[in-house]
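Pasted below: structure-v1.tsv, TSV, C-alpha atoms and all ligand atoms.
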```
chain	number	residue	atom	x	y	z
A	1	MET	CA	-55.46	-38.45	70.40
A	2	SER	CA	-58.03	-40.71	68.81
A	3	ALA	CA	-60.91	-38.99	70.57
A	4	PHE	CA	-60.15	-35.76	68.73
A	5	ALA	CA	-59.45	-37.33	65.40
A	6	THR	CA	-62.56	-39.48	65.19
A	7	ALA	CA	-64.78	-36.59	66.21
A	8	LEU	CA	-63.71	-34.66	63.14
A	9	GLU	CA	-66.40	-35.88	60.83
A	10	PRO	CA	-67.78	-33.64	58.08
A	11	GLY	CA	-70.19	-31.16	59.58
A	12	PRO	CA	-73.10	-29.21	58.10
A	13	THR	CA	-70.68	-26.80	56.47
A	14	ALA	CA	-68.84	-29.50	54.55
A	15	PRO	CA	-67.60	-28.10	51.25
A	16	GLN	CA	-69.50	-28.95	48.10
A	17	HIS	CA	-66.88	-28.04	45.61
A	18	GLN	CA	-63.91	-30.15	44.65
A	19	HIS	CA	-61.24	-29.10	42.27
A	20	GLU	CA	-60.90	-31.29	39.20
A	21	SER	CA	-57.16	-31.66	39.14
A	22	PHE	CA	-56.23	-31.33	42.75
A	23	SER	CA	-52.78	-32.52	43.60
A	24	PHE	CA	-52.48	-32.65	47.36
A	25	THR	CA	-48.72	-32.52	47.70
A	26	LEU	CA	-48.34	-29.80	45.09
A	27	GLU	CA	-51.12	-27.63	46.47
A	28	LEU	CA	-50.23	-28.13	50.11
A	29	ARG	CA	-47.10	-26.10	49.61
A	30	PHE	CA	-49.31	-23.19	48.67
A	31	LEU	CA	-51.58	-23.42	51.66
A	32	LEU	CA	-51.27	-21.26	54.70
A	33	SER	CA	-54.58	-22.14	56.18
A	34	TYR	CA	-57.48	-24.50	56.01
A	35	GLU	CA	-59.52	-21.68	54.46
A	36	GLU	CA	-57.60	-22.47	51.30
A	37	LEU	CA	-58.80	-26.04	51.41
A	38	ILE	CA	-62.49	-25.19	51.46
A	39	ILE	CA	-62.67	-24.97	47.73
A	40	VAL	CA	-60.33	-27.73	46.74
A	41	LEU	CA	-60.55	-30.57	49.18
A	42	PRO	CA	-63.35	-32.64	50.68
A	43	LEU	CA	-63.52	-32.39	54.44
A	44	ARG	CA	-62.96	-36.13	54.74
A	45	HIS	CA	-59.33	-35.49	53.86
A	46	LEU	CA	-59.17	-32.80	56.48
A	47	ALA	CA	-60.08	-35.32	59.13
A	48	ILE	CA	-56.93	-37.24	58.21
A	49	THR	CA	-54.79	-34.13	58.32
A	50	ALA	CA	-56.37	-33.11	61.58
A	51	ALA	CA	-55.47	-36.43	63.13
A	52	VAL	CA	-52.14	-34.85	64.03
A	53	ALA	CA	-53.99	-32.94	66.70
A	54	CYS	CA	-53.46	-33.88	70.29
A	55	THR	CA	-56.04	-34.52	72.92
A	56	ALA	CA	-56.63	-32.05	75.71
A	57	ALA	CA	-57.33	-34.89	78.08
A	58	LEU	CA	-53.86	-36.29	78.65
A	59	PRO	CA	-53.58	-38.34	81.83
A	60	ALA	CA	-52.51	-36.14	84.74
A	61	ALA	CA	-49.27	-38.09	85.12
A	62	LEU	CA	-48.20	-37.06	81.60
A	63	GLN	CA	-48.79	-33.38	82.17
A	64	ALA	CA	-45.70	-31.26	82.49
A	65	ALA	CA	-45.15	-28.97	85.43
A	66	GLU	CA	-46.18	-25.97	83.34
A	67	GLU	CA	-49.87	-25.78	82.52
A	68	PRO	CA	-50.36	-26.52	78.81
A	69	VAL	CA	-52.05	-24.21	76.32
A	70	THR	CA	-54.48	-25.74	73.83
A	71	ILE	CA	-54.86	-24.05	70.44
A	72	TYR	CA	-57.58	-24.52	67.85
A	73	SER	CA	-55.92	-23.41	64.63
A	74	SER	CA	-56.97	-23.06	61.02
A	75	ARG	CA	-53.40	-22.19	60.20
A	76	ILE	CA	-51.70	-25.20	58.65
A	77	GLU	CA	-49.93	-27.19	61.33
A	78	GLN	CA	-46.49	-27.45	59.71
A	79	LEU	CA	-46.31	-23.65	59.46
A	80	LEU	CA	-47.17	-23.00	63.08
A	81	LYS	CA	-45.47	-25.92	64.77
A	82	PRO	CA	-41.81	-24.84	64.50
A	83	THR	CA	-42.70	-21.54	66.18
A	84	LEU	CA	-44.70	-23.28	68.90
A	85	ASP	CA	-41.92	-25.79	69.48
A	86	ARG	CA	-39.59	-22.88	70.16
A	87	TYR	CA	-42.05	-21.50	72.67
A	88	THR	CA	-42.15	-24.82	74.50
A	89	GLU	CA	-38.34	-25.01	74.47
A	90	GLU	CA	-38.03	-21.52	75.91
A	91	THR	CA	-40.80	-21.63	78.48
A	92	GLY	CA	-41.42	-25.30	79.22
A	93	VAL	CA	-45.11	-24.75	78.44
A	94	PRO	CA	-46.52	-27.61	76.37
A	95	VAL	CA	-48.72	-26.49	73.48
A	96	ARG	CA	-51.42	-28.73	72.09
A	97	MET	CA	-53.00	-28.05	68.75
A	98	LEU	CA	-56.10	-29.07	66.85
A	99	THR	CA	-56.17	-27.93	63.23
A	100	ASP	CA	-59.18	-27.67	60.95
A	101	ARG	CA	-61.01	-25.10	58.86
A	102	GLY	CA	-61.90	-21.86	60.65
A	103	ASN	CA	-65.65	-22.46	60.34
A	104	ALA	CA	-65.37	-25.99	61.67
A	105	LEU	CA	-63.34	-24.80	64.65
A	106	MET	CA	-65.89	-22.12	65.45
A	107	GLU	CA	-68.73	-24.65	65.26
A	108	ARG	CA	-66.74	-26.89	67.53
A	109	LEU	CA	-66.08	-24.14	70.07
A	110	ALA	CA	-69.77	-23.22	70.07
A	111	ALA	CA	-70.86	-26.84	70.50
A	112	GLU	CA	-68.33	-27.54	73.26
A	113	GLY	CA	-69.27	-24.42	75.22
A	114	GLU	CA	-67.89	-24.38	78.74
A	115	GLY	CA	-66.44	-27.84	78.26
A	116	SER	CA	-64.10	-26.77	75.48
A	117	PRO	CA	-60.43	-27.59	76.03
A	118	ALA	CA	-59.38	-24.72	73.75
A	119	ASP	CA	-57.56	-21.74	75.25
A	120	LEU	CA	-56.66	-19.94	72.03
A	121	LEU	CA	-58.24	-19.72	68.58
A	122	ILE	CA	-55.91	-18.94	65.69
A	123	THR	CA	-57.47	-18.35	62.30
A	124	VAL	CA	-57.06	-16.36	59.10
A	125	ASP	CA	-59.11	-13.53	57.66
A	126	VAL	CA	-60.66	-10.67	59.60
A	127	GLY	CA	-64.10	-11.98	58.67
A	128	ASN	CA	-63.48	-15.16	60.64
A	129	LEU	CA	-61.92	-13.31	63.57
A	130	TRP	CA	-64.82	-10.89	63.74
A	131	GLN	CA	-67.33	-13.74	63.49
A	132	ALA	CA	-65.68	-15.63	66.34
A	133	ALA	CA	-65.93	-12.53	68.52
A	134	ASP	CA	-69.49	-11.81	67.39
A	135	ARG	CA	-70.57	-15.34	68.33
A	136	GLY	CA	-69.18	-14.92	71.83
A	137	LEU	CA	-66.44	-17.51	71.30
A	138	LEU	CA	-63.63	-15.17	72.37
A	139	ARG	CA	-63.10	-13.17	75.54
A	140	PRO	CA	-61.87	-9.58	75.61
A	141	ILE	CA	-58.39	-9.27	77.06
A	142	GLN	CA	-56.19	-6.34	77.93
A	143	SER	CA	-52.48	-6.58	77.40
A	144	GLU	CA	-50.06	-3.71	77.25
A	145	SER	CA	-47.57	-5.91	75.47
A	146	LEU	CA	-50.04	-6.74	72.67
A	147	GLU	CA	-51.08	-3.11	72.38
A	148	ASN	CA	-47.43	-2.09	72.02
A	149	ASP	CA	-46.55	-4.75	69.47
A	150	ILE	CA	-49.66	-4.62	67.24
A	151	PRO	CA	-50.87	-1.40	65.57
A	152	ALA	CA	-54.44	-0.48	66.54
A	153	ALA	CA	-55.91	-1.07	63.07
A	154	LEU	CA	-54.73	-4.68	63.19
A	155	ARG	CA	-56.54	-5.77	66.36
A	156	ASP	CA	-60.04	-5.74	67.77
A	157	PRO	CA	-60.64	-2.45	69.63
A	158	GLU	CA	-62.28	-4.52	72.39
A	159	GLY	CA	-59.41	-6.99	72.67
A	160	HIS	CA	-61.23	-10.13	71.47
A	161	TRP	CA	-58.58	-10.84	68.83
A	162	PHE	CA	-55.19	-9.66	67.66
A	163	GLY	CA	-53.59	-9.76	64.21
A	164	LEU	CA	-50.44	-11.89	64.03
A	165	SER	CA	-49.49	-11.52	60.36
A	166	ARG	CA	-50.45	-9.19	57.54
A	167	ARG	CA	-51.52	-10.37	54.13
A	168	GLU	CA	-52.20	-7.65	51.59
A	169	ARG	CA	-54.63	-8.16	48.74
A	170	THR	CA	-53.60	-5.99	45.84
A	171	ILE	CA	-53.40	-5.65	42.06
A	172	PHE	CA	-51.12	-7.78	39.85
A	173	TYR	CA	-50.57	-7.35	36.13
A	174	ASN	CA	-48.84	-8.77	33.10
A	175	PRO	CA	-46.30	-6.10	32.03
A	176	ASN	CA	-46.51	-7.23	28.39
A	177	MET	CA	-50.19	-6.36	28.35
A	178	VAL	CA	-50.54	-3.43	30.73
A	179	GLU	CA	-48.52	-0.31	31.48
A	180	GLU	CA	-48.12	0.42	35.17
A	181	SER	CA	-49.39	3.95	34.52
A	182	GLU	CA	-52.78	2.53	33.47
A	183	LEU	CA	-53.35	1.11	36.96
A	184	SER	CA	-54.77	2.89	39.97
A	185	THR	CA	-57.46	1.36	42.20
A	186	TYR	CA	-59.62	-1.71	42.87
A	187	GLU	CA	-62.58	0.47	41.90
A	188	ASP	CA	-61.00	1.37	38.55
A	189	LEU	CA	-60.92	-2.33	37.59
A	190	ALA	CA	-64.71	-2.01	37.21
A	191	ASP	CA	-64.21	0.49	34.36
A	192	PRO	CA	-65.23	-0.82	30.90
A	193	LYS	CA	-61.68	-0.15	29.67
A	194	TRP	CA	-60.72	-3.43	31.38
A	195	GLU	CA	-63.39	-5.48	29.59
A	196	GLY	CA	-62.19	-9.02	28.91
A	197	LYS	CA	-58.93	-8.40	30.77
A	198	LEU	CA	-59.64	-9.03	34.45
A	199	CYS	CA	-58.97	-12.18	36.50
A	200	LEU	CA	-60.69	-12.55	39.88
A	201	ARG	CA	-60.95	-15.13	42.62
A	202	THR	CA	-64.35	-16.59	43.46
A	203	SER	CA	-66.68	-14.64	45.76
A	204	LYS	CA	-67.01	-17.82	47.84
A	205	GLN	CA	-63.55	-17.08	49.15
A	206	THR	CA	-63.39	-15.07	52.32
A	207	TYR	CA	-60.52	-12.92	50.89
A	208	THR	CA	-62.84	-11.59	48.16
A	209	GLN	CA	-65.53	-10.94	50.74
A	210	SER	CA	-63.18	-9.01	53.03
A	211	LEU	CA	-61.87	-6.81	50.21
A	212	THR	CA	-65.46	-6.10	49.18
A	213	ALA	CA	-66.38	-5.36	52.81
A	214	MET	CA	-63.57	-2.81	52.93
A	215	LEU	CA	-65.04	-1.11	49.85
A	216	VAL	CA	-68.48	-1.13	51.53
A	217	ALA	CA	-66.91	0.69	54.48
A	218	GLU	CA	-65.51	3.26	52.05
A	219	HIS	CA	-68.35	3.72	49.55
A	220	GLY	CA	-71.49	2.15	51.02
A	221	GLU	CA	-73.40	-0.90	49.83
A	222	GLU	CA	-74.97	0.44	46.64
A	223	ALA	CA	-71.83	1.94	45.14
A	224	THR	CA	-69.88	-1.21	45.97
A	225	GLU	CA	-72.47	-3.37	44.23
A	226	GLU	CA	-71.93	-1.26	41.10
A	227	ILE	CA	-68.18	-1.83	41.39
A	228	ALA	CA	-68.75	-5.58	41.71
A	229	ARG	CA	-70.98	-5.52	38.62
A	230	GLY	CA	-68.24	-3.74	36.70
A	231	TRP	CA	-65.69	-6.35	37.78
A	232	VAL	CA	-67.95	-9.17	36.63
A	233	ASN	CA	-68.47	-7.45	33.26
A	234	ASN	CA	-64.71	-7.19	32.80
A	235	LEU	CA	-63.81	-10.83	33.54
A	236	ALA	CA	-61.45	-12.44	31.04
A	237	THR	CA	-62.40	-15.93	32.18
A	238	ASP	CA	-64.30	-17.77	34.94
A	239	VAL	CA	-63.44	-16.79	38.50
A	240	PHE	CA	-60.53	-18.72	40.00
A	241	THR	CA	-60.56	-21.07	42.97
A	242	SER	CA	-56.98	-20.21	43.90
A	243	ASP	CA	-54.82	-17.09	43.87
A	244	THR	CA	-51.88	-19.18	42.65
A	245	LYS	CA	-53.80	-20.26	39.54
A	246	LEU	CA	-54.89	-16.67	39.02
A	247	LEU	CA	-51.30	-15.42	39.13
A	248	GLU	CA	-50.23	-18.19	36.75
A	249	ALA	CA	-53.03	-17.16	34.37
A	250	LEU	CA	-51.65	-13.62	34.46
A	251	ALA	CA	-48.18	-14.94	33.65
A	252	ALA	CA	-49.63	-16.92	30.75
A	253	GLY	CA	-51.41	-13.86	29.36
A	254	GLN	CA	-54.87	-15.33	29.93
A	255	CYS	CA	-55.71	-12.03	31.56
A	256	ALA	CA	-53.93	-8.70	31.88
A	257	VAL	CA	-54.76	-7.68	35.41
A	258	GLY	CA	-56.04	-9.32	38.57
A	259	ILE	CA	-56.34	-9.17	42.35
A	260	ALA	CA	-54.52	-11.58	44.66
A	261	ASN	CA	-52.91	-11.92	48.08
A	262	THR	CA	-49.26	-10.95	48.15
A	263	TYR	CA	-47.94	-14.10	49.86
A	264	TYR	CA	-48.95	-16.29	46.89
A	265	TYR	CA	-46.84	-14.01	44.73
A	266	GLY	CA	-44.04	-14.37	47.28
A	267	ARG	CA	-44.14	-18.14	47.05
A	268	LEU	CA	-44.21	-18.16	43.25
A	269	THR	CA	-41.27	-15.74	43.24
A	270	ASN	CA	-39.39	-17.92	45.70
A	271	GLN	CA	-39.82	-20.89	43.36
A	272	ASP	CA	-39.10	-18.99	40.17
A	273	PRO	CA	-36.97	-15.86	40.60
A	274	GLU	CA	-38.08	-14.79	37.11
A	275	PHE	CA	-41.75	-14.78	38.01
A	276	PRO	CA	-41.71	-11.02	38.83
A	277	GLU	CA	-40.76	-10.38	35.21
A	278	LYS	CA	-43.90	-12.16	34.05
A	279	VAL	CA	-46.25	-10.73	36.67
A	280	LYS	CA	-45.79	-7.47	38.54
A	281	LEU	CA	-47.20	-6.26	41.83
A	282	PHE	CA	-49.00	-2.93	41.96
A	283	TRP	CA	-49.97	-1.36	45.28
A	284	ALA	CA	-53.62	-0.44	44.87
A	285	ASN	CA	-55.29	2.81	45.91
A	286	GLN	CA	-52.12	4.77	46.71
A	287	GLY	CA	-53.33	8.09	45.34
A	288	GLU	CA	-54.64	10.90	47.51
A	289	GLY	CA	-58.04	10.02	48.93
A	290	GLU	CA	-57.99	6.50	47.44
A	291	GLY	CA	-57.95	4.83	50.84
A	292	GLY	CA	-54.83	2.62	50.62
A	293	ALA	CA	-54.25	-1.07	49.86
A	294	HIS	CA	-56.33	-3.76	51.55
A	295	VAL	CA	-54.68	-5.47	54.51
A	296	ASN	CA	-56.04	-8.75	55.80
A	297	LEU	CA	-54.76	-10.74	58.76
A	298	SER	CA	-54.12	-14.01	60.40
A	299	GLY	CA	-54.72	-13.63	64.09
A	300	GLY	CA	-55.78	-15.11	67.36
A	301	GLY	CA	-57.90	-14.60	70.42
A	302	VAL	CA	-58.36	-16.15	73.85
A	303	THR	CA	-61.45	-18.37	73.92
A	304	ALA	CA	-64.46	-17.49	76.07
A	305	HIS	CA	-64.11	-20.68	78.13
A	306	ALA	CA	-60.31	-20.95	78.24
A	307	LYS	CA	-59.11	-23.10	81.13
A	308	ASN	CA	-55.70	-21.46	80.98
A	309	PRO	CA	-56.37	-17.85	79.90
A	310	GLU	CA	-53.12	-16.55	81.43
A	311	GLY	CA	-51.15	-19.11	79.46
A	312	ALA	CA	-53.07	-18.22	76.30
A	313	ILE	CA	-52.36	-14.50	76.75
A	314	LYS	CA	-48.65	-15.18	77.33
A	315	LEU	CA	-48.45	-17.28	74.18
A	316	LEU	CA	-50.31	-14.63	72.17
A	317	GLU	CA	-47.93	-11.96	73.50
A	318	TRP	CA	-44.98	-14.11	72.50
A	319	LEU	CA	-46.36	-14.66	68.98
A	320	ALA	CA	-46.65	-10.88	68.49
A	321	SER	CA	-43.19	-10.19	69.92
A	322	ALA	CA	-40.26	-9.27	67.71
A	323	GLU	CA	-38.65	-12.55	68.70
A	324	ALA	CA	-41.43	-14.76	67.28
A	325	GLN	CA	-42.73	-12.61	64.43
A	326	THR	CA	-39.83	-13.44	62.13
A	327	GLY	CA	-40.51	-17.17	62.44
A	328	TYR	CA	-44.26	-16.67	62.19
A	329	THR	CA	-44.16	-14.62	58.95
A	330	HIS	CA	-40.96	-15.29	56.99
A	331	GLY	CA	-41.70	-18.84	55.88
A	332	THR	CA	-45.10	-17.75	54.63
A	333	PHE	CA	-44.18	-14.51	52.83
A	334	GLU	CA	-46.63	-12.63	55.00
A	335	GLY	CA	-45.90	-9.30	56.63
A	336	PRO	CA	-45.14	-9.00	60.34
A	337	VAL	CA	-47.75	-7.05	62.35
A	338	ASN	CA	-45.01	-5.91	64.70
A	339	PRO	CA	-43.49	-2.77	63.10
A	340	ASN	CA	-40.12	-3.53	64.72
A	341	VAL	CA	-39.69	-6.71	62.68
A	342	GLU	CA	-38.04	-6.80	59.26
A	343	PRO	CA	-40.12	-8.47	56.56
A	344	GLU	CA	-38.72	-11.44	54.66
A	345	PRO	CA	-36.45	-10.19	51.77
A	346	ILE	CA	-38.93	-11.03	48.95
A	347	VAL	CA	-41.70	-9.27	50.89
A	348	LYS	CA	-39.37	-6.34	51.51
A	349	SER	CA	-38.61	-6.07	47.79
A	350	TRP	CA	-42.22	-5.05	47.13
A	351	GLY	CA	-41.53	-1.77	48.84
A	352	THR	CA	-43.62	0.27	51.19
A	353	PHE	CA	-47.19	1.31	50.57
A	354	THR	CA	-50.06	3.11	52.23
A	355	PRO	CA	-52.36	0.57	53.87
A	356	ASN	CA	-56.09	1.07	54.16
A	357	THR	CA	-56.75	1.94	57.78
A	358	THR	CA	-60.34	0.73	58.09
A	359	ASN	CA	-60.25	-1.29	61.30
A	360	ALA	CA	-60.25	-5.02	60.69
A	361	ALA	CA	-63.26	-5.35	63.00
A	362	GLU	CA	-65.33	-3.09	60.77
A	363	ILE	CA	-64.31	-5.06	57.68
A	364	GLY	CA	-65.30	-8.27	59.44
A	365	SER	CA	-68.67	-6.89	60.50
A	366	LEU	CA	-69.48	-5.85	56.92
A	367	GLN	CA	-68.73	-9.27	55.43
A	368	PRO	CA	-72.37	-10.43	55.46
A	369	VAL	CA	-73.31	-7.27	53.50
A	370	ALA	CA	-70.48	-7.97	51.07
A	371	ILE	CA	-71.58	-11.57	50.51
A	372	ARG	CA	-75.12	-10.47	49.65
A	373	LEU	CA	-74.10	-7.71	47.27
A	374	LEU	CA	-71.60	-9.93	45.45
A	375	ASP	CA	-74.41	-12.40	44.91
A	376	ARG	CA	-76.74	-9.69	43.57
A	377	ALA	CA	-73.97	-8.46	41.26
A	378	GLY	CA	-73.67	-11.92	39.73
A	379	TYR	CA	-70.13	-12.40	41.06
A	380	ARG	CA	-69.84	-16.19	41.39
B	401	FE	FE	-54.47	-18.00	51.47
```

Could you take the file, read its structure, and then write that structure out as structure tokens?
Ligand code: FE
Amino acid sequence: MSAFATALEPGPTAPQHQHESFSFTLELRFLLSYEELIIVLPLRHLAITAAVACTAALPAALQAAEEPVTIYSSRIEQLLKPTLDRYTEETGVPVRMLTDRGNALMERLAAEGEGSPADLLITVDVGNLWQAADRGLLRPIQSESLENDIPAALRDPEGHWFGLSRRERTIFYNPNMVEESELSTYEDLADPKWEGKLCLRTSKQTYTQSLTAMLVAEHGEEATEEIARGWVNNLATDVFTSDTKLLEALAAGQCAVGIANTYYYGRLTNQDPEFPEKVKLFWANQGEGEGGAHVNLSGGGVTAHAKNPEGAIKLLEWLASAEAQTGYTHGTFEGPVNPNVEPEPIVKSWGTFTPNTTNAAEIGSLQPVAIRLLDRAGYR
């Protein structure tokens, strides 16, 4: 165990930015993934959190009869562990897990190469999943079970990775300041009529980059840069480092309209049943030809140098199955990828919507373009 923990020193991608008033215990409840920590927590703290990880080099005598599966996960351990414990109970397969930020795990996989103990990479955001595949860190797999359980738009067409939960990024508004009928699309939020009214998350966050990449897929680079410029011109206040703070700013009337991931809204609603009266969800881009609301993912793929690829595929199939999807998504207020699974009641209360069907792989591949154009547009 110590070998893994001590190796987790800050790498070249260590975050520069710390949040002024970060309260670890308070914020941790709002975290699904280490991607959330990039902005608010120095990596040194991550090393402590990651010390829960187990080594892949257990003495042979301690190994169970079933061959273990080793996961590198940027999904927060306490969210994933109950589901994995159930898998071990049901199958007898031990699951080992190392948790860290997505970028750090990818660097680690690349550095370890053939010697990597990891069989499965689980991370959030299509940008990260695409990047892992693009860097040759994942192997393509074919599985009828995964193809049946996960709609085509929510997995890599070549089988390098598979979505495991859906996280929509849509429009939220303060009903005392905005009429629902005034809202329509992400693009419309660039219109000067929203000047001084818009709250946005920082462009350093991968969620912003993926949404922008989706717009690039729809409109091209130049038109999307104009949209980003319009957003920046309409900002009510500095960009936010957290969707939770953004939603709270909407509730406080600091801004009238904003863009955030749905599961943060779910958690705030779970804590305060009156929150939906202060801030309302609006499904973006539902009109004819508007493309649909942006769907992002958490997901996983079998690593290029997996020692137990069969075990990794079986675990992935189980995570996408109706049996495991409830546990994987309900505690987090995310949406199941498996269409046969009922969403958590708060998630269900948001109703149905038309999702954008741009394949997640295309969104991921356009992230570098999105990052550059956001920079040019002055979106910090
Ligand atoms: Fe998040």

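Here CA of Leu105 in chain A is placed at a distance of 26.6 Å from CA of Asp149 in chain A.
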
With distances taken over all atoms listed in the file, the candidate from A:Tyr186, A:Gly327, A:Ala320, A:Pro345 nearest Glu144 in chain A is A:Ala320

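In this structure, CA of Ala133 in chain A sits 22.3 Å away from CA of Asn338 in chain A.
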
Ranking A:Lys245, A:Arg169, A:Lys193, A:His294 by minimum distance to Ile363 in chain A and counting only C-alpha atoms, which one comes first?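 The shortest atom-to-atom distance to Ile363 in chain A comes from A:His294.
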
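Note that CA of Tyr264 in chain A and CA of Thr224 in chain A are 25.8 Å apart.
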